[in-house]
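Q: Input model-v1.cif, format and content: mmCIF, C-alpha atoms and all ligand atoms.
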data_work
#
loop_
_atom_site.label_atom_id
_atom_site.label_comp_id
_atom_site.auth_asym_id
_atom_site.auth_seq_id
_atom_site.Cartn_x
_atom_site.Cartn_y
_atom_site.Cartn_z
CA MET A 167 -9.18 18.60 -12.11
CA PRO A 168 -6.52 21.01 -10.86
CA ILE A 169 -5.05 20.05 -7.52
CA SER A 170 -6.22 23.29 -5.94
CA GLU A 171 -9.86 22.27 -6.27
CA HIS A 172 -9.24 19.29 -4.03
CA VAL A 173 -7.50 21.10 -1.27
CA THR A 174 -9.27 21.41 1.99
CA ALA A 175 -7.56 23.34 4.72
CA LEU A 176 -4.51 21.35 5.72
CA ARG A 177 -3.19 22.03 9.18
CA PRO A 178 0.51 21.22 9.49
CA GLU A 179 0.21 20.75 13.23
CA ALA A 180 -2.55 18.17 12.86
CA VAL A 181 -0.42 16.34 10.30
CA ARG A 182 2.56 16.40 12.66
CA ASN A 183 0.47 14.95 15.49
CA ALA A 184 -0.93 12.27 13.22
CA VAL A 185 2.54 11.27 12.04
CA ALA A 186 3.72 10.95 15.65
CA GLU A 187 0.73 8.83 16.61
CA VAL A 188 1.06 6.57 13.57
CA ARG A 189 4.77 6.10 14.19
CA ALA A 190 4.13 5.00 17.74
CA ARG A 191 1.49 2.54 16.55
CA ILE A 192 3.87 1.16 13.92
CA ILE A 193 6.55 0.57 16.56
CA ASP A 194 4.07 -1.25 18.80
CA ALA A 195 2.74 -3.34 15.91
CA ARG A 196 6.24 -4.27 14.86
CA SER A 197 7.14 -5.55 18.30
CA ARG A 198 3.87 -7.53 18.50
CA GLY A 199 4.57 -9.08 15.11
CA GLY A 200 8.14 -10.10 15.83
CA HIS A 201 9.40 -9.85 12.25
CA GLY A 202 11.94 -7.18 13.19
CA GLN A 203 11.64 -5.37 9.87
CA ASP A 204 12.32 -1.72 9.12
CA VAL A 205 9.07 0.06 8.25
CA THR A 206 8.88 2.99 5.84
CA LEU A 207 5.85 5.22 6.20
CA VAL A 208 4.81 6.32 2.71
CA ALA A 209 2.52 9.34 3.07
CA VAL A 210 -0.11 9.17 0.33
CA THR A 211 -0.62 12.75 -0.82
CA LYS A 212 -3.02 12.07 -3.72
CA THR A 213 -5.80 14.67 -4.01
CA HIS A 214 -3.85 16.97 -1.68
CA GLY A 215 -1.66 19.83 -2.82
CA PRO A 216 2.08 20.30 -2.51
CA GLU A 217 1.60 21.72 0.99
CA ALA A 218 0.74 18.20 2.14
CA VAL A 219 4.20 17.06 1.04
CA ASP A 220 5.79 19.98 2.90
CA ALA A 221 3.75 19.15 6.01
CA VAL A 222 4.88 15.52 6.17
CA TRP A 223 8.47 16.47 5.35
CA ASP A 224 8.42 18.86 8.30
CA ALA A 225 7.19 15.93 10.41
CA GLY A 226 10.22 13.89 9.35
CA ILE A 227 8.65 11.83 6.57
CA THR A 228 10.90 11.24 3.55
CA ASP A 229 8.63 9.12 1.33
CA VAL A 230 5.41 10.16 -0.39
CA GLY A 231 3.05 8.20 -2.62
CA GLU A 232 0.87 9.18 -5.55
CA ASN A 233 -1.39 6.96 -7.64
CA ARG A 234 -1.75 9.06 -10.81
CA VAL A 235 1.23 10.14 -12.86
CA GLN A 236 -0.36 13.32 -14.14
CA GLU A 237 -1.21 14.57 -10.67
CA ALA A 238 2.22 13.53 -9.42
CA ASP A 239 4.01 15.33 -12.26
CA GLY A 240 2.28 18.57 -11.35
CA LYS A 241 3.11 18.18 -7.68
CA MET A 242 6.74 17.24 -8.33
CA ALA A 243 7.15 20.50 -10.20
CA GLN A 244 5.93 22.47 -7.20
CA VAL A 245 7.57 20.60 -4.34
CA THR A 246 11.10 21.66 -3.37
CA VAL A 247 11.82 19.29 -0.45
CA PRO A 248 13.80 16.20 -1.55
CA VAL A 249 11.26 13.47 -0.82
CA ARG A 250 11.34 10.06 -2.50
CA TRP A 251 8.29 9.67 -4.73
CA HIS A 252 6.46 6.34 -4.86
CA LEU A 253 4.02 5.42 -7.59
CA ILE A 254 1.45 3.26 -5.83
CA GLY A 255 -1.35 2.78 -8.33
CA HIS A 256 -2.10 0.96 -11.53
CA LEU A 257 -0.18 2.26 -14.54
CA GLN A 258 -1.20 1.99 -18.19
CA ARG A 259 1.48 0.66 -20.49
CA ASN A 260 1.44 3.77 -22.67
CA LYS A 261 2.46 5.78 -19.59
CA ALA A 262 5.36 3.50 -18.68
CA ARG A 263 7.99 6.21 -19.16
CA HIS A 264 6.39 8.24 -16.34
CA ALA A 265 7.35 5.54 -13.84
CA LEU A 266 11.02 6.44 -14.28
CA ARG A 267 10.49 9.60 -12.24
CA PHE A 268 9.67 7.56 -9.14
CA ALA A 269 12.00 5.92 -6.62
CA LEU A 270 9.77 2.84 -6.42
CA PHE A 271 6.82 1.60 -8.47
CA HIS A 272 4.48 -0.49 -6.32
CA GLY A 273 2.01 -1.57 -9.01
CA LEU A 274 3.73 -3.99 -11.37
CA ASP A 275 0.71 -6.15 -12.16
CA SER A 276 1.45 -7.84 -15.50
CA GLU A 277 4.30 -9.08 -17.66
CA ARG A 278 3.23 -6.79 -20.49
CA LEU A 279 3.62 -3.77 -18.25
CA ALA A 280 6.96 -5.14 -17.07
CA VAL A 281 8.21 -5.31 -20.64
CA ALA A 282 7.08 -1.74 -21.32
CA LEU A 283 8.80 -0.49 -18.15
CA HIS A 284 11.94 -2.43 -18.97
CA ASP A 285 12.06 -0.98 -22.48
CA GLU A 286 11.76 2.58 -21.14
CA ALA A 287 14.36 2.04 -18.43
CA THR A 288 16.76 0.43 -20.90
CA ARG A 289 16.26 3.26 -23.38
CA VAL A 290 17.45 5.85 -20.87
CA GLY A 291 20.09 3.58 -19.35
CA THR A 292 18.63 3.25 -15.88
CA THR A 293 17.26 0.58 -13.56
CA LEU A 294 13.75 0.88 -12.14
CA ASP A 295 12.89 -0.46 -8.69
CA VAL A 296 9.51 -2.20 -8.72
CA LEU A 297 7.27 -4.28 -6.49
CA LEU A 298 5.26 -7.13 -7.96
CA GLN A 299 1.61 -6.52 -7.11
CA VAL A 300 -0.01 -9.76 -6.01
CA ASN A 301 -3.76 -10.26 -5.84
CA VAL A 302 -3.81 -12.42 -2.75
CA SER A 303 -7.52 -12.08 -2.01
CA GLY A 304 -8.53 -13.13 -5.52
CA GLU A 305 -11.09 -10.31 -5.82
CA ALA A 306 -11.93 -9.72 -9.48
CA SER A 307 -11.81 -5.95 -8.92
CA LYS A 308 -8.19 -6.02 -7.76
CA SER A 309 -5.22 -5.88 -10.07
CA GLY A 310 -2.16 -7.97 -9.52
CA VAL A 311 -0.72 -11.34 -10.35
CA ALA A 312 -2.69 -14.29 -8.97
CA VAL A 313 -0.88 -16.26 -6.28
CA PRO A 314 -0.50 -19.45 -8.37
CA ASP A 315 1.17 -17.36 -11.13
CA VAL A 316 3.74 -15.63 -8.94
CA ALA A 317 6.51 -18.19 -9.45
CA ILE A 318 6.31 -18.27 -13.24
CA THR A 319 5.95 -14.49 -13.43
CA ALA A 320 8.96 -13.99 -11.20
CA GLU A 321 10.96 -16.36 -13.36
CA ARG A 322 10.05 -14.48 -16.53
CA LEU A 323 10.92 -11.13 -14.94
CA LEU A 324 14.50 -12.37 -14.59
CA ALA A 325 14.82 -11.73 -18.32
CA LEU A 326 14.29 -7.98 -17.75
CA PRO A 327 17.53 -6.72 -16.18
CA SER A 328 16.51 -3.06 -16.21
CA LEU A 329 13.88 -3.87 -13.59
CA ARG A 330 14.91 -4.62 -10.02
CA VAL A 331 12.11 -6.58 -8.35
CA CYS A 332 12.50 -5.42 -4.76
CA GLY A 333 9.51 -7.21 -3.28
CA VAL A 334 5.75 -7.55 -3.32
CA MET A 335 2.81 -5.20 -2.89
CA THR A 336 -0.76 -6.15 -2.06
CA MET A 337 -4.07 -4.56 -1.16
CA ALA A 338 -6.51 -6.17 1.24
CA PRO A 339 -10.26 -6.22 0.64
CA PHE A 340 -11.81 -3.00 1.85
CA ASP A 341 -14.13 -4.54 4.44
CA ALA A 342 -12.07 -7.55 5.49
CA ASP A 343 -12.20 -8.80 9.07
CA GLU A 344 -9.01 -9.41 10.99
CA ALA A 345 -8.73 -13.07 10.05
CA LEU A 346 -8.98 -12.29 6.35
CA LEU A 347 -6.52 -9.39 6.66
CA ARG A 348 -3.99 -11.70 8.26
CA ALA A 349 -4.54 -14.32 5.57
CA VAL A 350 -4.01 -11.74 2.81
CA PHE A 351 -0.95 -10.16 4.40
CA SER A 352 0.72 -13.44 5.28
CA GLY A 353 -0.07 -14.62 1.75
CA ALA A 354 1.81 -11.61 0.41
CA ARG A 355 4.72 -12.44 2.69
CA ALA A 356 4.80 -15.96 1.28
CA ALA A 357 4.66 -14.54 -2.27
CA ARG A 358 7.70 -12.41 -1.49
CA GLU A 359 9.60 -15.57 -0.58
CA VAL A 360 8.60 -17.10 -3.90
CA VAL A 361 9.89 -14.02 -5.73
CA ARG A 362 13.10 -14.12 -3.74
CA ALA A 363 13.57 -17.85 -4.38
CA ALA A 364 13.32 -17.11 -8.12
CA GLY A 365 16.45 -15.00 -7.77
CA HIS A 366 15.21 -11.43 -7.24
CA PRO A 367 16.47 -9.12 -4.46
CA ALA A 368 12.97 -9.15 -2.97
CA GLU A 369 13.18 -7.72 0.56
CA TRP A 370 10.17 -5.44 0.68
CA LEU A 371 6.52 -5.90 1.44
CA SER A 372 4.25 -2.94 0.69
CA MET A 373 0.93 -3.50 2.45
CA GLY A 374 -1.31 -1.68 4.87
CA MET A 375 -3.45 1.40 4.41
CA SER A 376 -5.17 3.65 6.97
CA GLY A 377 -7.67 0.99 8.05
CA ASP A 378 -5.36 -1.99 8.32
CA TYR A 379 -1.73 -0.88 8.66
CA GLU A 380 -1.20 -2.13 12.19
CA ILE A 381 -2.12 -5.69 11.21
CA ALA A 382 0.00 -5.34 8.07
CA VAL A 383 3.03 -4.34 10.17
CA GLU A 384 2.37 -7.24 12.53
CA GLU A 385 2.48 -9.47 9.46
CA GLY A 386 5.79 -8.04 8.26
CA ALA A 387 5.03 -4.96 6.12
CA THR A 388 8.13 -2.92 5.27
CA HIS A 389 6.15 -0.12 3.56
CA VAL A 390 2.76 1.15 4.71
CA ARG A 391 0.86 3.53 2.41
CA LEU A 392 -1.13 5.98 4.48
CA GLY A 393 -3.35 8.85 3.38
CA THR A 394 -6.54 9.27 5.39
CA VAL A 395 -4.99 8.68 8.79
CA LEU A 396 -2.51 11.53 8.15
CA PHE A 397 -4.57 14.09 6.24
CA GLY A 398 -8.20 13.26 7.00
CA SER A 399 -10.67 11.87 4.50
CA ARG A 400 -10.39 12.81 0.84
CA THR A 401 -13.34 14.77 -0.50
C1 LIG B 501 -5.12 5.89 -1.77
C2 LIG B 501 -4.24 4.71 -1.60
C3 LIG B 501 -3.69 4.41 -0.34
C4 LIG B 501 -3.97 5.23 0.92
O1 LIG B 501 -5.26 4.93 1.38
P1 LIG B 501 -5.78 5.45 2.82
O2 LIG B 501 -6.88 4.52 3.15
O3 LIG B 501 -6.24 6.86 2.60
O4 LIG B 501 -4.65 5.38 3.77
C5 LIG B 501 -2.83 3.33 -0.25
N1 LIG B 501 -2.54 2.57 -1.32
C6 LIG B 501 -3.06 2.81 -2.53
C7 LIG B 501 -2.69 1.93 -3.66
C8 LIG B 501 -3.92 3.89 -2.71
O5 LIG B 501 -4.44 4.13 -3.93
#
Could I get this structure in the form of structure tokens?

A:
Amino acid sequence: MPISEHVTALRPEAVRNAVAEVRARIIDARSRGGHGQDVTLVAVTKTHGPEAVDAVWDAGITDVGENRVQEADGKMAQVTVPVRWHLIGHLQRNKARHALRFALFHGLDSERLAVALHDEATRVGTTLDVLLQVNVSGEASKSGVAVPDVAITAERLLALPSLRVCGVMTMAPFDADEALLRAVFSGARAAREVVRAAGHPAEWLSMGMSGDYEIAVEEGATHVRLGTVLFGSRT
């Protein structure tokens, strides 16, 4: 579907106000959590047009996230502001080369995908920054490496020097209560330590969406991925 069919009226001023509010909440959550981390707000512009990217850029946001490479490719061609593009969703192996256009790929969920990404990055002589997606909650519907497999996966990824494993990404269950959210997010934090102990430069923790980002920041998130709370609900 062309992007234009998704676009509802986007009001730059409403986006600016939302960004300000979310930033204040992130600062409060960070001081409650006590982890002292830097937090990058990744504005998730999927289903919205290039004007959504312009609106967040004007509000001081430098990072935007997309979950489909085809939609992102179209938007990248139209956007002129120099944002960093994040690929936040699942990626099929046959589309691995598309990941090279992004500053950070959040969805590394299997060794087979890692090998495909590594081959593409090696072919063009670059290094790709990735986050290992970990399925902390164990939901069958979620992608990601299971917690007990994180250590061995991290060890095997050491053999792929064209990938830089910068941390861990996770998604919480949609309807989780606070206790479960904290368990999932702190589990991701522990998984990051496992990845780091294996020898990767794993500093980052991508977790938290519109419904749960404050708890994620309290639990140490360095990247929150926010769509609805900035742009309203997707149609
Ligand atoms: C869509 C999406 C988000 C943003 O979700 P909101 O609830 O709209 O903030 C975050 N992460 C991923 C992986 C997504 O696909």

Q: Restricting the calculation to all atoms listed in the file: of A:Ser309, A:Thr336, A:Asn301, A:Gln236, which residue gets closest to Ala265 in chain A?

A: A:Gln236

Q: Got a sec to check which residues lie within 12 Å of ligand LIG 501 (chain B), using only C-alpha atoms and all ligand atoms, and send them as a PyMOL selection string?

A: chain A and resi 188+207-214+230-234+252-257+271-274+299+308-310+335-341+372-380+389-401

Q: For C-alpha atoms, I'd like the residues from the last selection saved as a CSV table (one decimal), keeping the file's coordinate frame.

A:
chain,number,residue,atom,x,y,z
A,188,VAL,CA,1.1,6.6,13.6
A,207,LEU,CA,5.8,5.2,6.2
A,208,VAL,CA,4.8,6.3,2.7
A,209,ALA,CA,2.5,9.3,3.1
A,210,VAL,CA,-0.1,9.2,0.3
A,211,THR,CA,-0.6,12.8,-0.8
A,212,LYS,CA,-3.0,12.1,-3.7
A,213,THR,CA,-5.8,14.7,-4.0
A,214,HIS,CA,-3.8,17.0,-1.7
A,230,VAL,CA,5.4,10.2,-0.4
A,231,GLY,CA,3.0,8.2,-2.6
A,232,GLU,CA,0.9,9.2,-5.6
A,233,ASN,CA,-1.4,7.0,-7.6
A,234,ARG,CA,-1.8,9.1,-10.8
A,252,HIS,CA,6.5,6.3,-4.9
A,253,LEU,CA,4.0,5.4,-7.6
A,254,ILE,CA,1.4,3.3,-5.8
A,255,GLY,CA,-1.4,2.8,-8.3
A,256,HIS,CA,-2.1,1.0,-11.5
A,257,LEU,CA,-0.2,2.3,-14.5
A,271,PHE,CA,6.8,1.6,-8.5
A,272,HIS,CA,4.5,-0.5,-6.3
A,273,GLY,CA,2.0,-1.6,-9.0
A,274,LEU,CA,3.7,-4.0,-11.4
A,299,GLN,CA,1.6,-6.5,-7.1
A,308,LYS,CA,-8.2,-6.0,-7.8
A,309,SER,CA,-5.2,-5.9,-10.1
A,310,GLY,CA,-2.2,-8.0,-9.5
A,335,MET,CA,2.8,-5.2,-2.9
A,336,THR,CA,-0.8,-6.2,-2.1
A,337,MET,CA,-4.1,-4.6,-1.2
A,338,ALA,CA,-6.5,-6.2,1.2
A,339,PRO,CA,-10.3,-6.2,0.6
A,340,PHE,CA,-11.8,-3.0,1.8
A,341,ASP,CA,-14.1,-4.5,4.4
A,372,SER,CA,4.2,-2.9,0.7
A,373,MET,CA,0.9,-3.5,2.4
A,374,GLY,CA,-1.3,-1.7,4.9
A,375,MET,CA,-3.4,1.4,4.4
A,376,SER,CA,-5.2,3.6,7.0
A,377,GLY,CA,-7.7,1.0,8.0
A,378,ASP,CA,-5.4,-2.0,8.3
A,379,TYR,CA,-1.7,-0.9,8.7
A,380,GLU,CA,-1.2,-2.1,12.2
A,389,HIS,CA,6.2,-0.1,3.6
A,390,VAL,CA,2.8,1.2,4.7
A,391,ARG,CA,0.9,3.5,2.4
A,392,LEU,CA,-1.1,6.0,4.5
A,393,GLY,CA,-3.4,8.8,3.4
A,394,THR,CA,-6.5,9.3,5.4
A,395,VAL,CA,-5.0,8.7,8.8
A,396,LEU,CA,-2.5,11.5,8.2
A,397,PHE,CA,-4.6,14.1,6.2
A,398,GLY,CA,-8.2,13.3,7.0
A,399,SER,CA,-10.7,11.9,4.5
A,400,ARG,CA,-10.4,12.8,0.8
A,401,THR,CA,-13.3,14.8,-0.5

Q: To one decimal place in Å, what is the distance between CA of Ala262 in chain A and CA of Thr292 in chain A?

A: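 We find that CA of Ala262 in chain A and CA of Thr292 in chain A lie 13.6 Å from each other.
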
Q: Using all atoms listed in the file, list the residues that have an atom at most 12 Å from (15.7, 1.4, -19.7), coordinates as in the file, as an mmCIF file with C-alpha atoms, in the coordinates of the input.

A:
data_model
loop_
_atom_site.group_PDB
_atom_site.id
_atom_site.type_symbol
_atom_site.label_atom_id
_atom_site.label_comp_id
_atom_site.auth_asym_id
_atom_site.auth_seq_id
_atom_site.Cartn_x
_atom_site.Cartn_y
_atom_site.Cartn_z
ATOM 1 C CA ALA A 262 5.360 3.500 -18.680
ATOM 2 C CA ARG A 263 7.990 6.210 -19.160
ATOM 3 C CA ALA A 265 7.350 5.540 -13.840
ATOM 4 C CA LEU A 266 11.020 6.440 -14.280
ATOM 5 C CA ALA A 280 6.960 -5.140 -17.070
ATOM 6 C CA VAL A 281 8.210 -5.310 -20.640
ATOM 7 C CA ALA A 282 7.080 -1.740 -21.320
ATOM 8 C CA LEU A 283 8.800 -0.490 -18.150
ATOM 9 C CA HIS A 284 11.940 -2.430 -18.970
ATOM 10 C CA ASP A 285 12.060 -0.980 -22.480
ATOM 11 C CA GLU A 286 11.760 2.580 -21.140
ATOM 12 C CA ALA A 287 14.360 2.040 -18.430
ATOM 13 C CA THR A 288 16.760 0.430 -20.900
ATOM 14 C CA ARG A 289 16.260 3.260 -23.380
ATOM 15 C CA VAL A 290 17.450 5.850 -20.870
ATOM 16 C CA GLY A 291 20.090 3.580 -19.350
ATOM 17 C CA THR A 292 18.630 3.250 -15.880
ATOM 18 C CA THR A 293 17.260 0.580 -13.560
ATOM 19 C CA LEU A 294 13.750 0.880 -12.140
ATOM 20 C CA ASP A 295 12.890 -0.460 -8.690
ATOM 21 C CA LEU A 326 14.290 -7.980 -17.750
ATOM 22 C CA PRO A 327 17.530 -6.720 -16.180
ATOM 23 C CA SER A 328 16.510 -3.060 -16.210
ATOM 24 C CA LEU A 329 13.880 -3.870 -13.590
ATOM 25 C CA ARG A 330 14.910 -4.620 -10.020
#

Q: Using only C-alpha atoms, which of the listed residues (A:Ala195, A:Ala345, A:Val361, A:Ala238) sits closest to Arg250 in chain A?

A: A:Ala238

Q: Just how far from CA of Cys332 in chain A is CA of Arg267 in chain A, in Å to one decimal?

A: 16.9 Å

Q: Here is a test: counting all atoms listed in the file, which residue of A:Ile381, A:Ala184, A:Ala175, A:Ala190 is nearest to Asp343 in chain A?

A: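 Once distances to Asp343 in chain A are computed over all atoms listed in the file, the minimum belongs to A:Ile381.
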
Q: Restricting the calculation to only C-alpha atoms, which member of A:Gly386, A:Gly353, A:Gly226, A:Gly333 is positioned closest to Gly365 in chain A?

A: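 So, comparing all the options, the nearest one is A:Gly333.
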
Q: From the list A:Arg177, A:Ile192, A:Pro367, A:Glu187, which residue is nearest Glu217 in chain A when using all atoms listed in the file?

A: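 Closest to Glu217 in chain A, using all atoms listed in the file: A:Arg177.
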